[in-house]
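See below for the structure under consideration.
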Amino acid sequence: MKKLLTLLLLLCINFWTYGQKITSPNGQLELNFSLNDGKPEYALDFKGKAVILPSKLGLKLKDKPDFIDGFVTYNSEDDQVDETWEPIWGEEKSIRNHYKELLVTLHQDATHQHRTLNIRFRVFDDGIGFRYEFPSQENLAHFIISEEKTQFAMTGDHTAFWIPGDYDTQEYDYMESKLSEIRGLMPQAITANVSQTSFSPTGVQTSLMLKTDDGIYINLHEAALIDYATMHLNLDDENMIFESWLTPNANGDKVYLQSPSVTPWRTIIVSDDARDILASRITLNLNEPNKIEDTSWIRPMKYIGVWWEMITGKSKWSYTDDFPAVQLGVTDFSKAKPNGKHGATTENVKKHIDFAAEHGFDGVLVEGWNIGWEDWFGNAKDYVFDFVTPYPDFDLEGVRDYAKEKGVEMIMHHETSSSVRNYERHLDIAYQFMKDNGYNAVKSGYVGTILPFGDNHYSQWQVNHYQYALEKAAEYQIMVNAHEAVRPTGISRTYPNLIANESARGTEYQAFGGSKPNHVTVLPFTRLIGGPMDYTPGIFEMDISKLNPDNNSWVNSTIANQLALYVTMYSPLQMAADLPEHYEKFMDAFQFIKDVALDWEKSLYLEAEPGYYLTIARKAKGTNNWFVGNVNGNKSRTSSINFDFLDEGKSYIATIYADAKDAHYRNNAQAYEIRKVIVNKKSKLSQLSAPGGGFAISIIEGNKESLKGLKKL
Ligand code: NOJ
Ligand code: CA
């Protein structure tokens with residue numbers, strides 16, 4: 001680790017306006033901090049042009065003087081860090097953390113009790129992060145933040161890729177519009193969800209992706225959301241100023257803190273090349289280093305599951321239709337008549353274990369294995385699940401032993417039904433039960449209204465719950481994939497057992513009426529900025545009525561697009577979500593899912609435009625193999641790929657899984673072509689992608705024998 005420290009101390013007393021400037025290591029970004037009439041402000045320039053106009057900083061406190069004005073003096077310190085660190089898993093083997101820092105210590109006047117507030121800025125080559133810090137002091141012990149007033153003043157009416165601001169869900173399709181159009185589009189953007197709480201006609205969620213008319217890409221998000229409320233952004237659409245909008249607790253307050261403490265980082269990633277937004281590691285870098293000493297149990301996983309059949313309505317999570325209401329410990333399931341549609345039967349699970357073992361998958365997820373699903377949904381029950389009692393037709397021990405014999409890991413499922421108190425009460429027992437039965441990973445879920453009533457999915461208390469469940473899981477050496485939890489903010493650097501989250505509109509919505517065909521060209525610029533998503537790709541049968549005649553949903557994607565997602569939607573946890581019998585029909589395409597790696601030496605972002613296309617090449621960790629994925633938006637497009645990332649003097653076998661010429665996400669989704677060719681460093685590929693389509697390529701180093709008979713690209 002190379003750390004360079006320069007210390008510069010400035011003392012500025014009673015200046016009406018005083019400025020402090022700091023540039024990125026490469027000099028392209030310039031951050032200006034100033035105290036203007038006692039109020040702190042910042043502004044950001046990129047290559048000499050403003051990207052964030054002077055924007056106010058500050059916080060309103062409940063029943064106490066605010067941290068908005070009355071600042072009379074400040075000190076500032078500069079620092080510079082250049083280090084590299086190795087993530088336990090990730091898009092690349094080592095990550096450079098290179099920034100210049102400005103720490104401003106602000107002092108308030110007597111009417112504000114002479115209090116001190118620190119603002120720490122870090123300026124990287126590809127963006128900035130800043131946070132408020134509350135040093136320990138006599139006049140600030142315990143305090144309540146009633147509003148955070150951080151502004152992001154835009155330079156114009158930019159294009160935004162946005163979803164409605166909401167305290168309870170991120171499961172929305174993205175809208176592409178001018179900032180000035182958000183208000184008008186909001187009613188149609190708020191599509192139905194089982195728990196949703198929007199707050200403003202111009203409120204949007206982060207990570208927010210923006211593009212200016214002169215081609216500057218700006219991404220707004222937060223890093224290290226710990227013990228604080230989730231930040232949304234509210235737009236003043238007359239002045240084009242976003243302001244932070246925190247998710248309230250049940251009583252309407254935003255955040256309860258005591259000093260010393262810090263807020264999460266507010267992040268602004270900036271570039272004139274969209275690919276740099278995907279390559280940015282700011283969010284991870286602004287999180288604390290790994291806190292788990294022994295990480296040998298944290299492993300990327302490829303899995304299948306007894307899942308899609310329930311999501312599509314082909315089968316059910318519940319076991320019986322006998323009980324209009326269930327009471328755990330009272331209702332006797334042993335005498336109940338099975339409904340004949342239960343998915344998690346021993347027999348079905350064993351079939352899945354066989355399929356996983358045959359095709360080299362690490363794990364099998366089973367949902368609906370535990371009692372309580374009969375009346376869980378929509379009834380606001382506190383005690384819905386105990387997380388340890390299987391249905392009579394699921395032989396937990398038998399399945400455990402069978403999986404072990406076949407070398408497959410079982411993945412646990414904890415639907416909490418958003419009864420958070422109940423989950424915390426059972427957490428130790430539930431995790432211990434997992435360890436006793438060989439489960440090392442859990443998919444948890446928070447469907448429905450948070451109980452106890454009044455709280456929201458993204459409040460400080462809920463954020464603390466997800467963190468508690470994660471840290472406790474680490475104690476038990478359990479990996480967590482939380483659905484419906486708050487969207488990630490790079491916390492997996494500190495707790496790498498957070499191997500994925502959902503926290504966005506995942507593949508399940510393709511069976512709930514469908515998602516926009518270009519959805520997956522937006523997610524890497526938004527949801528994935530904070531960390532990996534359990535997107536659950538790999539659907540080969542797009543006509544959902546074939547699984548369930550009562551479900552007319554259509555998966556808006558081609559098979560080649562589904563394959564590409566294993567590369568473009570980075571996650572150390574990847575599901576092959578479709579039914580084994582659908583893979584059996586397309587074994588040649590399925591081969592890509594079997595081959596694709598989960599952990600990467602490096603990632604190259606070859607082509608990218610949010611909402612339209614992206615192409616990523618990744619080198620599998622510890623090998624010389626590469627995997628390329630392209631996903632395409634609504635119109636067909638031809639990619640130009642240059643293979644100059646390959647090693648000099650080596651020949652590789654490229655297997656290209658592409659859309660057929662007449663493929664289309666709606667009319668001809670299963671039309672693909674596979675070809676095998678020889679490629680080297682000088683090769684170039686021109687490849688067509690269909691609307692809602694894409695391509696996937698595996699590139700394996702060849703030898704004399706394996707290259708025999710193959711043609712050059
Ligand atoms: C919603 C999750 O996203 C989905 O994957 C899961 O199957 C259901 N909740 C049931 O827990
Ligand atoms: Ca979900």
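Following the order of the structure tokens, chains are lettered A, B, ..., residues in each are numbered from 1, and ligands are numbered from 1.
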Counting only C-alpha atoms and all ligand atoms, which residues of chain A sit at most 8 Å from some atom of ligand 2, and what is each one's closest atom pair with its distance in Å to one decimal, listed by chain and rising residue number, as JSON lines?
{"residue": "A:Glu171", "atom": "CA", "partner": "ligand 2", "partner_atom_place_in_ligand_line": "1 (Ca)", "distance": 7.0}
{"residue": "A:Gly445", "atom": "CA", "partner": "ligand 2", "partner_atom_place_in_ligand_line": "1 (Ca)", "distance": 7.5}
{"residue": "A:Val447", "atom": "CA", "partner": "ligand 2", "partner_atom_place_in_ligand_line": "1 (Ca)", "distance": 7.0}
{"residue": "A:His483", "atom": "CA", "partner": "ligand 2", "partner_atom_place_in_ligand_line": "1 (Ca)", "distance": 5.7}
{"residue": "A:Glu484", "atom": "CA", "partner": "ligand 2", "partner_atom_place_in_ligand_line": "1 (Ca)", "distance": 5.4}
{"residue": "A:Glu502", "atom": "CA", "partner": "ligand 2", "partner_atom_place_in_ligand_line": "1 (Ca)", "distance": 6.5}
{"residue": "A:Ser503", "atom": "CA", "partner": "ligand 2", "partner_atom_place_in_ligand_line": "1 (Ca)", "distance": 7.0}
{"residue": "A:Ala504", "atom": "CA", "partner": "ligand 2", "partner_atom_place_in_ligand_line": "1 (Ca)", "distance": 7.4}
{"residue": "A:Arg505", "atom": "CA", "partner": "ligand 2", "partner_atom_place_in_ligand_line": "1 (Ca)", "distance": 7.0}
{"residue": "A:Gly506", "atom": "CA", "partner": "ligand 2", "partner_atom_place_in_ligand_line": "1 (Ca)", "distance": 6.8}
{"residue": "A:Glu508", "atom": "CA", "partner": "ligand 2", "partner_atom_place_in_ligand_line": "1 (Ca)", "distance": 7.1}
Please save C-alpha atoms of the selected residues as a tab-separated table (two decimals), in the first residue's frame.
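Output saved as part-v1.tsv:
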chain	number	residue	atom	x	y	z
A	171	GLU	CA	-39.22	-2.62	-8.42
A	445	GLY	CA	-37.05	-11.49	1.34
A	447	VAL	CA	-42.39	-8.71	0.60
A	483	HIS	CA	-34.55	-9.36	-1.79
A	484	GLU	CA	-36.69	-6.24	-1.34
A	502	GLU	CA	-32.43	-7.84	-5.55
A	503	SER	CA	-33.60	-4.27	-4.77
A	504	ALA	CA	-34.72	-3.52	-8.31
A	505	ARG	CA	-37.06	-4.93	-10.90
A	506	GLY	CA	-35.68	-8.41	-11.47
A	508	GLU	CA	-39.65	-12.08	-11.81
Name the residues of segment 102-234 of chain A that fall into strand (DSSP E) according to DSSP on the backbone, using the chain letters and numbers of this document, as a CSV table (one decimal) with N, CA, C and O atoms, in the first residue's frame.
chain,number,residue,atom,x,y,z
A,102,LEU,N,-10.3,16.6,0.9
A,102,LEU,CA,-10.4,17.9,1.5
A,102,LEU,C,-11.4,17.7,2.7
A,102,LEU,O,-12.5,17.3,2.5
A,103,LEU,N,-10.8,17.9,3.9
A,103,LEU,CA,-11.7,17.9,5.1
A,103,LEU,C,-11.9,19.3,5.6
A,103,LEU,O,-10.9,20.0,6.0
A,104,VAL,N,-13.1,19.7,5.6
A,104,VAL,CA,-13.5,21.0,6.1
A,104,VAL,C,-14.1,20.9,7.5
A,104,VAL,O,-15.1,20.2,7.7
A,105,THR,N,-13.5,21.6,8.4
A,105,THR,CA,-14.1,21.7,9.8
A,105,THR,C,-14.8,23.0,10.0
A,105,THR,O,-14.1,24.0,9.9
A,106,LEU,N,-16.1,23.0,10.1
A,106,LEU,CA,-16.9,24.2,10.1
A,106,LEU,C,-17.3,24.5,11.6
A,106,LEU,O,-17.8,23.6,12.3
A,107,HIS,N,-17.2,25.8,11.9
A,107,HIS,CA,-17.6,26.2,13.3
A,107,HIS,C,-18.8,27.2,13.2
A,107,HIS,O,-18.7,28.1,12.4
A,108,GLN,N,-19.8,26.9,14.1
A,108,GLN,CA,-20.9,27.8,14.1
A,108,GLN,C,-20.8,28.9,15.1
A,108,GLN,O,-20.0,28.8,16.0
A,116,THR,N,-19.6,22.2,15.9
A,116,THR,CA,-18.7,21.9,14.8
A,116,THR,C,-19.3,20.9,13.9
A,116,THR,O,-19.8,19.9,14.4
A,117,LEU,N,-19.1,21.1,12.6
A,117,LEU,CA,-19.6,20.1,11.6
A,117,LEU,C,-18.4,19.9,10.6
A,117,LEU,O,-17.8,20.9,10.2
A,118,ASN,N,-18.1,18.7,10.4
A,118,ASN,CA,-17.1,18.4,9.3
A,118,ASN,C,-17.7,18.0,8.0
A,118,ASN,O,-18.7,17.2,8.1
A,119,ILE,N,-17.1,18.4,6.9
A,119,ILE,CA,-17.5,17.8,5.6
A,119,ILE,C,-16.3,17.3,5.0
A,119,ILE,O,-15.3,18.1,4.9
A,120,ARG,N,-16.3,16.1,4.6
A,120,ARG,CA,-15.1,15.4,4.0
A,120,ARG,C,-15.4,15.2,2.6
A,120,ARG,O,-16.4,14.5,2.2
A,121,PHE,N,-14.6,15.7,1.7
A,121,PHE,CA,-14.7,15.5,0.2
A,121,PHE,C,-13.6,14.6,-0.2
A,121,PHE,O,-12.4,14.8,0.2
A,122,ARG,N,-13.9,13.6,-1.1
A,122,ARG,CA,-12.9,12.8,-1.8
A,122,ARG,C,-13.1,13.0,-3.3
A,122,ARG,O,-14.2,12.7,-3.8
A,123,VAL,N,-12.0,13.4,-3.9
A,123,VAL,CA,-12.1,13.7,-5.4
A,123,VAL,C,-11.3,12.6,-6.1
A,123,VAL,O,-10.0,12.6,-5.9
A,124,PHE,N,-11.9,11.8,-6.8
A,124,PHE,CA,-11.3,10.7,-7.6
A,124,PHE,C,-11.2,11.2,-9.1
A,124,PHE,O,-11.8,12.2,-9.4
A,127,GLY,N,-14.9,10.9,-10.3
A,127,GLY,CA,-16.1,11.4,-9.5
A,127,GLY,C,-15.7,11.8,-8.1
A,127,GLY,O,-14.5,11.8,-7.7
A,128,ILE,N,-16.7,12.2,-7.3
A,128,ILE,CA,-16.4,12.6,-6.0
A,128,ILE,C,-17.4,11.9,-5.0
A,128,ILE,O,-18.4,11.4,-5.4
A,129,GLY,N,-16.9,11.9,-3.7
A,129,GLY,CA,-17.8,11.5,-2.6
A,129,GLY,C,-17.7,12.5,-1.5
A,129,GLY,O,-16.6,13.1,-1.4
A,130,PHE,N,-18.7,12.8,-0.8
A,130,PHE,CA,-18.6,13.7,0.3
A,130,PHE,C,-19.6,13.2,1.4
A,130,PHE,O,-20.6,12.7,1.1
A,131,ARG,N,-19.2,13.5,2.6
A,131,ARG,CA,-20.2,13.1,3.7
A,131,ARG,C,-20.0,14.2,4.9
A,131,ARG,O,-19.0,14.9,4.9
A,132,TYR,N,-21.0,14.2,5.7
A,132,TYR,CA,-21.0,15.0,6.9
A,132,TYR,C,-20.5,14.2,8.0
A,132,TYR,O,-20.8,13.0,8.1
A,133,GLU,N,-19.7,14.8,8.9
A,133,GLU,CA,-19.2,14.1,10.1
A,133,GLU,C,-19.5,15.0,11.3
A,133,GLU,O,-19.3,16.2,11.3
A,134,PHE,N,-19.9,14.3,12.3
A,134,PHE,CA,-20.3,15.0,13.6
A,134,PHE,C,-19.4,14.6,14.7
A,134,PHE,O,-19.5,13.6,15.3
A,142,HIS,N,-26.8,13.7,21.5
A,142,HIS,CA,-27.8,13.0,20.8
A,142,HIS,C,-28.6,14.0,20.0
A,142,HIS,O,-29.0,15.1,20.4
A,143,PHE,N,-28.9,13.6,18.7
A,143,PHE,CA,-29.6,14.6,17.9
A,143,PHE,C,-30.4,13.8,16.8
A,143,PHE,O,-30.2,12.6,16.5
A,144,ILE,N,-31.4,14.5,16.3
A,144,ILE,CA,-32.3,13.9,15.3
A,144,ILE,C,-32.3,14.8,14.0
A,144,ILE,O,-32.5,16.0,14.1
A,145,ILE,N,-32.0,14.1,12.9
A,145,ILE,CA,-32.0,14.8,11.6
A,145,ILE,C,-33.4,14.8,11.1
A,145,ILE,O,-34.0,13.7,10.9
A,146,SER,N,-34.0,16.0,10.9
A,146,SER,CA,-35.3,16.0,10.4
A,146,SER,C,-35.3,16.2,8.9
A,146,SER,O,-36.3,15.7,8.2
A,147,GLU,N,-34.3,16.8,8.3
A,147,GLU,CA,-34.1,16.8,6.9
A,147,GLU,C,-32.6,16.9,6.6
A,147,GLU,O,-31.9,17.6,7.3
A,148,GLU,N,-32.2,16.2,5.5
A,148,GLU,CA,-30.9,16.5,5.0
A,148,GLU,C,-31.1,17.5,3.8
A,148,GLU,O,-31.9,17.2,2.9
A,151,GLN,N,-27.8,19.6,-1.8
A,151,GLN,CA,-28.3,19.9,-3.1
A,151,GLN,C,-27.3,19.4,-4.2
A,151,GLN,O,-26.1,19.3,-4.0
A,152,PHE,N,-27.9,19.1,-5.3
A,152,PHE,CA,-27.1,18.7,-6.5
A,152,PHE,C,-27.8,19.6,-7.6
A,152,PHE,O,-28.8,19.2,-8.2
A,153,ALA,N,-27.2,20.8,-7.9
A,153,ALA,CA,-27.8,21.7,-8.8
A,153,ALA,C,-27.3,21.4,-10.2
A,153,ALA,O,-26.1,21.4,-10.5
A,159,THR,N,-31.1,14.6,-19.7
A,159,THR,CA,-31.9,13.4,-19.8
A,159,THR,C,-31.6,12.5,-18.6
A,159,THR,O,-30.5,12.5,-18.1
A,160,ALA,N,-32.7,11.9,-18.0
A,160,ALA,CA,-32.5,11.1,-16.8
A,160,ALA,C,-33.1,9.7,-17.1
A,160,ALA,O,-34.1,9.5,-17.8
A,161,PHE,N,-32.4,8.7,-16.5
A,161,PHE,CA,-33.0,7.3,-16.4
A,161,PHE,C,-33.4,7.2,-15.0
A,161,PHE,O,-32.5,7.0,-14.1
A,162,TRP,N,-34.7,7.2,-14.7
A,162,TRP,CA,-35.1,7.3,-13.4
A,162,TRP,C,-36.3,6.4,-13.1
A,162,TRP,O,-37.0,5.9,-14.0
A,175,MET,N,-37.7,5.0,-16.5
A,175,MET,CA,-38.2,6.0,-17.5
A,175,MET,C,-37.0,6.7,-18.0
A,175,MET,O,-36.0,7.0,-17.3
A,176,GLU,N,-37.1,7.0,-19.3
A,176,GLU,CA,-36.0,7.9,-19.9
A,176,GLU,C,-36.7,9.2,-20.3
A,176,GLU,O,-37.7,9.2,-21.1
A,177,SER,N,-36.3,10.3,-19.7
A,177,SER,CA,-37.0,11.6,-20.0
A,177,SER,C,-36.1,12.7,-19.6
A,177,SER,O,-35.1,12.6,-18.9
A,178,LYS,N,-36.5,13.9,-20.1
A,178,LYS,CA,-35.8,15.1,-19.6
A,178,LYS,C,-36.2,15.3,-18.2
A,178,LYS,O,-37.4,14.9,-17.7
A,203,GLY,N,-40.0,13.2,-7.1
A,203,GLY,CA,-39.0,12.4,-6.3
A,203,GLY,C,-38.5,11.2,-7.1
A,203,GLY,O,-39.3,10.5,-7.7
A,204,VAL,N,-37.2,11.0,-7.1
A,204,VAL,CA,-36.7,9.8,-7.8
A,204,VAL,C,-35.7,9.1,-6.9
A,204,VAL,O,-35.3,9.6,-5.9
A,205,GLN,N,-35.3,7.9,-7.4
A,205,GLN,CA,-34.4,7.1,-6.5
A,205,GLN,C,-33.0,7.2,-7.0
A,205,GLN,O,-32.7,7.6,-8.2
A,208,LEU,N,-29.1,7.4,-9.7
A,208,LEU,CA,-29.8,8.1,-10.8
A,208,LEU,C,-28.8,8.3,-11.9
A,208,LEU,O,-27.7,8.8,-11.6
A,209,MET,N,-29.1,8.0,-13.1
A,209,MET,CA,-28.2,8.2,-14.2
A,209,MET,C,-28.7,9.3,-15.1
A,209,MET,O,-29.9,9.4,-15.5
A,210,LEU,N,-27.8,10.3,-15.3
A,210,LEU,CA,-28.1,11.5,-16.1
A,210,LEU,C,-27.2,11.7,-17.3
A,210,LEU,O,-26.0,11.2,-17.2
A,211,LYS,N,-27.7,12.3,-18.3
A,211,LYS,CA,-26.8,12.7,-19.4
A,211,LYS,C,-27.1,14.1,-19.9
A,211,LYS,O,-28.3,14.4,-20.1
A,217,TYR,N,-21.9,12.3,-18.8
A,217,TYR,CA,-22.7,11.4,-18.0
A,217,TYR,C,-22.5,11.6,-16.5
A,217,TYR,O,-21.3,11.8,-16.0
A,218,ILE,N,-23.6,11.7,-15.7
A,218,ILE,CA,-23.5,12.0,-14.3
A,218,ILE,C,-24.3,11.0,-13.6
A,218,ILE,O,-25.5,10.7,-13.9
A,219,ASN,N,-23.7,10.4,-12.6
A,219,ASN,CA,-24.4,9.4,-11.8
A,219,ASN,C,-24.5,9.8,-10.3
A,219,ASN,O,-23.4,10.1,-9.7
A,220,LEU,N,-25.7,9.9,-9.7
A,220,LEU,CA,-25.8,10.3,-8.3
A,220,LEU,C,-26.3,9.1,-7.5
A,220,LEU,O,-27.2,8.5,-7.8
A,221,HIS,N,-25.5,8.9,-6.4
A,221,HIS,CA,-25.9,7.8,-5.5
A,221,HIS,C,-25.3,8.0,-4.1
A,221,HIS,O,-25.0,9.2,-3.8
A,222,GLU,N,-25.2,7.0,-3.3
A,222,GLU,CA,-24.6,7.1,-2.0
A,222,GLU,C,-23.8,5.8,-1.8
A,222,GLU,O,-24.0,4.8,-2.4
A,223,ALA,N,-22.8,6.0,-0.9
A,223,ALA,CA,-22.0,4.8,-0.5
A,223,ALA,C,-22.0,4.7,1.0
A,223,ALA,O,-22.1,5.7,1.7
A,231,MET,N,-31.3,7.7,1.0
A,231,MET,CA,-31.4,8.9,0.4
A,231,MET,C,-32.2,8.8,-1.0
A,231,MET,O,-31.8,7.9,-1.8
A,232,HIS,N,-33.2,9.6,-1.1
A,232,HIS,CA,-33.8,9.8,-2.4
A,232,HIS,C,-33.5,11.2,-2.9
A,232,HIS,O,-32.9,12.0,-2.1
A,233,LEU,N,-33.9,11.6,-4.1
A,233,LEU,CA,-33.6,12.9,-4.6
A,233,LEU,C,-35.0,13.5,-5.0
A,233,LEU,O,-35.8,12.9,-5.7
A,234,ASN,N,-35.2,14.8,-4.6
A,234,ASN,CA,-36.4,15.5,-5.0
A,234,ASN,C,-35.9,16.6,-5.9
A,234,ASN,O,-35.0,17.4,-5.5
(request) Would you please extract all alpha helix (DSSP H) residues from segment 535-641 of chain A, as assigned by DSSP on the backbone, and give them as a PyMOL selection string? (result) chain A and resi 559-568+580-585+587-595
(request) Kindly work out which residues sit at most 10 Å from ligand 1, using only C-alpha atoms and all ligand atoms, and give the list as a VMD selection string. (result) chain A and resid 171 306 to 311 317 366 to 368 373 377 413 to 417 443 to 448 482 to 485 501 to 509 534 to 536
Given the selection you just returned, output its residues as a file containing N, CA and C atoms, formatted as a compact mmCIF listing (two decimals), in the first residue's frame.
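Everything below was put into out.txt:
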# COMPACT_ATOMS: atom_id res chain seq x y z
N GLU A 171 -38.87 -1.67 -7.36
CA GLU A 171 -39.22 -2.62 -8.42
C GLU A 171 -40.04 -1.92 -9.50
N VAL A 306 -36.03 -24.25 -7.26
CA VAL A 306 -37.46 -24.49 -7.34
C VAL A 306 -38.07 -23.12 -7.08
N TRP A 307 -38.22 -22.35 -8.14
CA TRP A 307 -38.56 -20.93 -7.97
C TRP A 307 -39.43 -20.40 -9.13
N TRP A 308 -38.90 -20.50 -10.37
CA TRP A 308 -39.61 -19.92 -11.51
C TRP A 308 -40.99 -20.54 -11.66
N GLU A 309 -41.11 -21.81 -11.30
CA GLU A 309 -42.40 -22.47 -11.42
C GLU A 309 -43.44 -21.82 -10.50
N MET A 310 -43.01 -21.29 -9.35
CA MET A 310 -43.97 -20.58 -8.47
C MET A 310 -44.20 -19.16 -8.97
N ILE A 311 -43.14 -18.51 -9.39
CA ILE A 311 -43.27 -17.13 -9.86
C ILE A 311 -44.23 -17.05 -11.05
N TRP A 317 -46.12 -22.07 -3.64
CA TRP A 317 -45.29 -22.13 -2.43
C TRP A 317 -46.04 -22.90 -1.34
N VAL A 366 -34.51 -23.60 -2.76
CA VAL A 366 -35.88 -24.13 -2.68
C VAL A 366 -36.74 -23.15 -1.90
N GLU A 367 -37.77 -22.65 -2.53
CA GLU A 367 -38.72 -21.78 -1.84
C GLU A 367 -39.99 -22.55 -1.53
N GLY A 368 -40.67 -22.14 -0.48
CA GLY A 368 -41.92 -22.80 -0.11
C GLY A 368 -41.68 -24.11 0.61
N TRP A 373 -47.01 -20.58 4.28
CA TRP A 373 -47.27 -19.86 3.03
C TRP A 373 -48.75 -19.73 2.71
N PHE A 377 -49.64 -13.85 2.68
CA PHE A 377 -49.57 -12.65 1.84
C PHE A 377 -50.74 -11.71 2.08
N HIS A 413 -34.09 -20.46 2.03
CA HIS A 413 -34.96 -19.32 1.72
C HIS A 413 -35.67 -18.87 2.98
N HIS A 414 -35.53 -17.59 3.30
CA HIS A 414 -36.26 -16.97 4.41
C HIS A 414 -37.11 -15.85 3.87
N GLU A 415 -38.37 -16.12 3.55
CA GLU A 415 -39.29 -15.00 3.29
C GLU A 415 -39.70 -14.49 4.67
N THR A 416 -39.40 -13.25 4.95
CA THR A 416 -39.72 -12.70 6.28
C THR A 416 -41.15 -12.16 6.31
N SER A 417 -41.76 -12.04 5.15
CA SER A 417 -43.07 -11.42 4.98
C SER A 417 -43.06 -10.01 5.55
N LYS A 443 -31.27 -16.82 0.85
CA LYS A 443 -31.98 -15.76 0.13
C LYS A 443 -33.07 -15.29 1.10
N SER A 444 -32.98 -14.04 1.51
CA SER A 444 -34.03 -13.52 2.39
C SER A 444 -34.92 -12.59 1.59
N GLY A 445 -36.12 -12.31 2.10
CA GLY A 445 -37.05 -11.49 1.34
C GLY A 445 -37.94 -10.67 2.25
N TYR A 446 -38.35 -9.53 1.76
CA TYR A 446 -39.14 -8.59 2.56
C TYR A 446 -40.35 -8.11 1.76
N VAL A 447 -41.20 -9.07 1.38
CA VAL A 447 -42.39 -8.71 0.60
C VAL A 447 -43.45 -8.12 1.53
N GLY A 448 -44.12 -7.08 1.06
CA GLY A 448 -45.27 -6.54 1.79
C GLY A 448 -44.91 -5.39 2.72
N ALA A 482 -30.27 -10.67 -0.11
CA ALA A 482 -31.52 -10.13 0.40
C ALA A 482 -32.36 -9.49 -0.70
N HIS A 483 -33.60 -9.94 -0.83
CA HIS A 483 -34.55 -9.36 -1.79
C HIS A 483 -35.43 -8.33 -1.09
N GLU A 484 -35.84 -7.34 -1.84
CA GLU A 484 -36.69 -6.24 -1.34
C GLU A 484 -36.03 -5.43 -0.23
N ALA A 485 -34.79 -5.75 0.10
CA ALA A 485 -34.07 -4.94 1.09
C ALA A 485 -33.59 -3.66 0.41
N ASN A 501 -28.07 -8.71 -3.85
CA ASN A 501 -29.37 -8.18 -3.43
C ASN A 501 -30.25 -8.22 -4.65
N GLU A 502 -31.55 -8.09 -4.40
CA GLU A 502 -32.43 -7.84 -5.55
C GLU A 502 -32.56 -6.31 -5.63
N SER A 503 -33.52 -5.73 -4.91
CA SER A 503 -33.60 -4.27 -4.77
C SER A 503 -33.71 -3.54 -6.10
N ALA A 504 -34.40 -4.14 -7.01
CA ALA A 504 -34.72 -3.52 -8.31
C ALA A 504 -35.70 -4.46 -8.98
N ARG A 505 -36.11 -4.10 -10.17
CA ARG A 505 -37.06 -4.93 -10.90
C ARG A 505 -36.29 -6.08 -11.56
N GLY A 506 -36.42 -7.26 -10.98
CA GLY A 506 -35.68 -8.41 -11.47
C GLY A 506 -36.48 -9.20 -12.50
N THR A 507 -35.94 -10.35 -12.86
CA THR A 507 -36.57 -11.18 -13.89
C THR A 507 -37.99 -11.58 -13.52
N GLU A 508 -38.29 -11.65 -12.21
CA GLU A 508 -39.65 -12.08 -11.81
C GLU A 508 -40.73 -11.25 -12.51
N TYR A 509 -40.43 -9.97 -12.80
CA TYR A 509 -41.44 -9.11 -13.44
C TYR A 509 -41.72 -9.51 -14.88
N ASP A 534 -29.10 -10.03 -7.74
CA ASP A 534 -29.59 -11.38 -8.02
C ASP A 534 -30.71 -11.20 -9.05
N TYR A 535 -30.30 -10.96 -10.29
CA TYR A 535 -31.29 -10.63 -11.33
C TYR A 535 -32.04 -11.89 -11.80
N THR A 536 -31.44 -13.06 -11.57
CA THR A 536 -32.02 -14.36 -11.93
C THR A 536 -32.30 -14.48 -13.43
(message) Can you pull out the residues contacting segment 390-399 of chain A? Cut-off 9 Å, using only C-alpha atoms, and skip same-chain residues under 2 positions away; I want them as a PyMOL selection string.
(response) chain A and resi 318-319+333-334+338+342+344-347+349-350+353+368-372+387-388+401-404+410+437
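Between atom CA of Leu573 of chain A and atom CA of Ser689 of chain A lies a distance of 26.0 Å.
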(request) Find the distance between atom CA of Ala671 of chain A and atom CA of Ala560 of chain A and write it in Å to one decimal. (result) 8.4 Å
(request) Could you give me, as a PyMOL selection string, the residues within 9 Å of segment 270-285 of chain A, counting only C-alpha atoms and dropping anything in the same chain fewer than 5 positions from it? (result) chain A and resi 29+46+51+95-98+124-129+214-219+221-224+265+489-494+524-525+528-531+603-610+614
(request) Skip Gly514 of chain A itself and residues of its chain fewer than 4 positions away, then list as a list of chain:residue names all residues within 12 Å of it, counting only C-alpha atoms. (result) A:Tyr172, A:Asp173, A:Thr312, A:Arg505, A:Gly506, A:Thr507, A:Glu508, A:Tyr509, A:Gln510, A:Asn518, A:His519, A:Met542, A:Asp543, A:Ile544, A:Asn551, A:Asn552, A:Ser553, A:Trp554, A:Val555, A:Asn556, A:Ser557, A:Tyr665, A:Arg666
(message) With distances taken over only C-alpha atoms, which residue among A:Leu688, A:Lys682, A:Asn193, A:Asp109 lies nearest Pro65 of chain A?
(response) A:Asp109
(request) Measure the distance from atom CA of Pro537 of chain A to atom CA of Leu565 of chain A in Å and round it to one decimal. (result)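 One can read the atom CA of Pro537 of chain A to atom CA of Leu565 of chain A distance as 6.5 Å.
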(request) Would you mind telling me which residue in A:Gly340, A:Gly58, A:Gly165, A:Pro517 lies nearest to Ser207 of chain A when using only C-alpha atoms? (result)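 Of the candidates, the smallest distance to Ser207 of chain A is held by A:Gly165.
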(request) Compare A:Leu235, A:Val408, A:Ala192, A:Ala669 by their minimum atom-to-atom distance to Ser180 of chain A, counting only C-alpha atoms, and give me the closest one. (result)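 Of the candidates, the smallest distance to Ser180 of chain A is held by A:Leu235.
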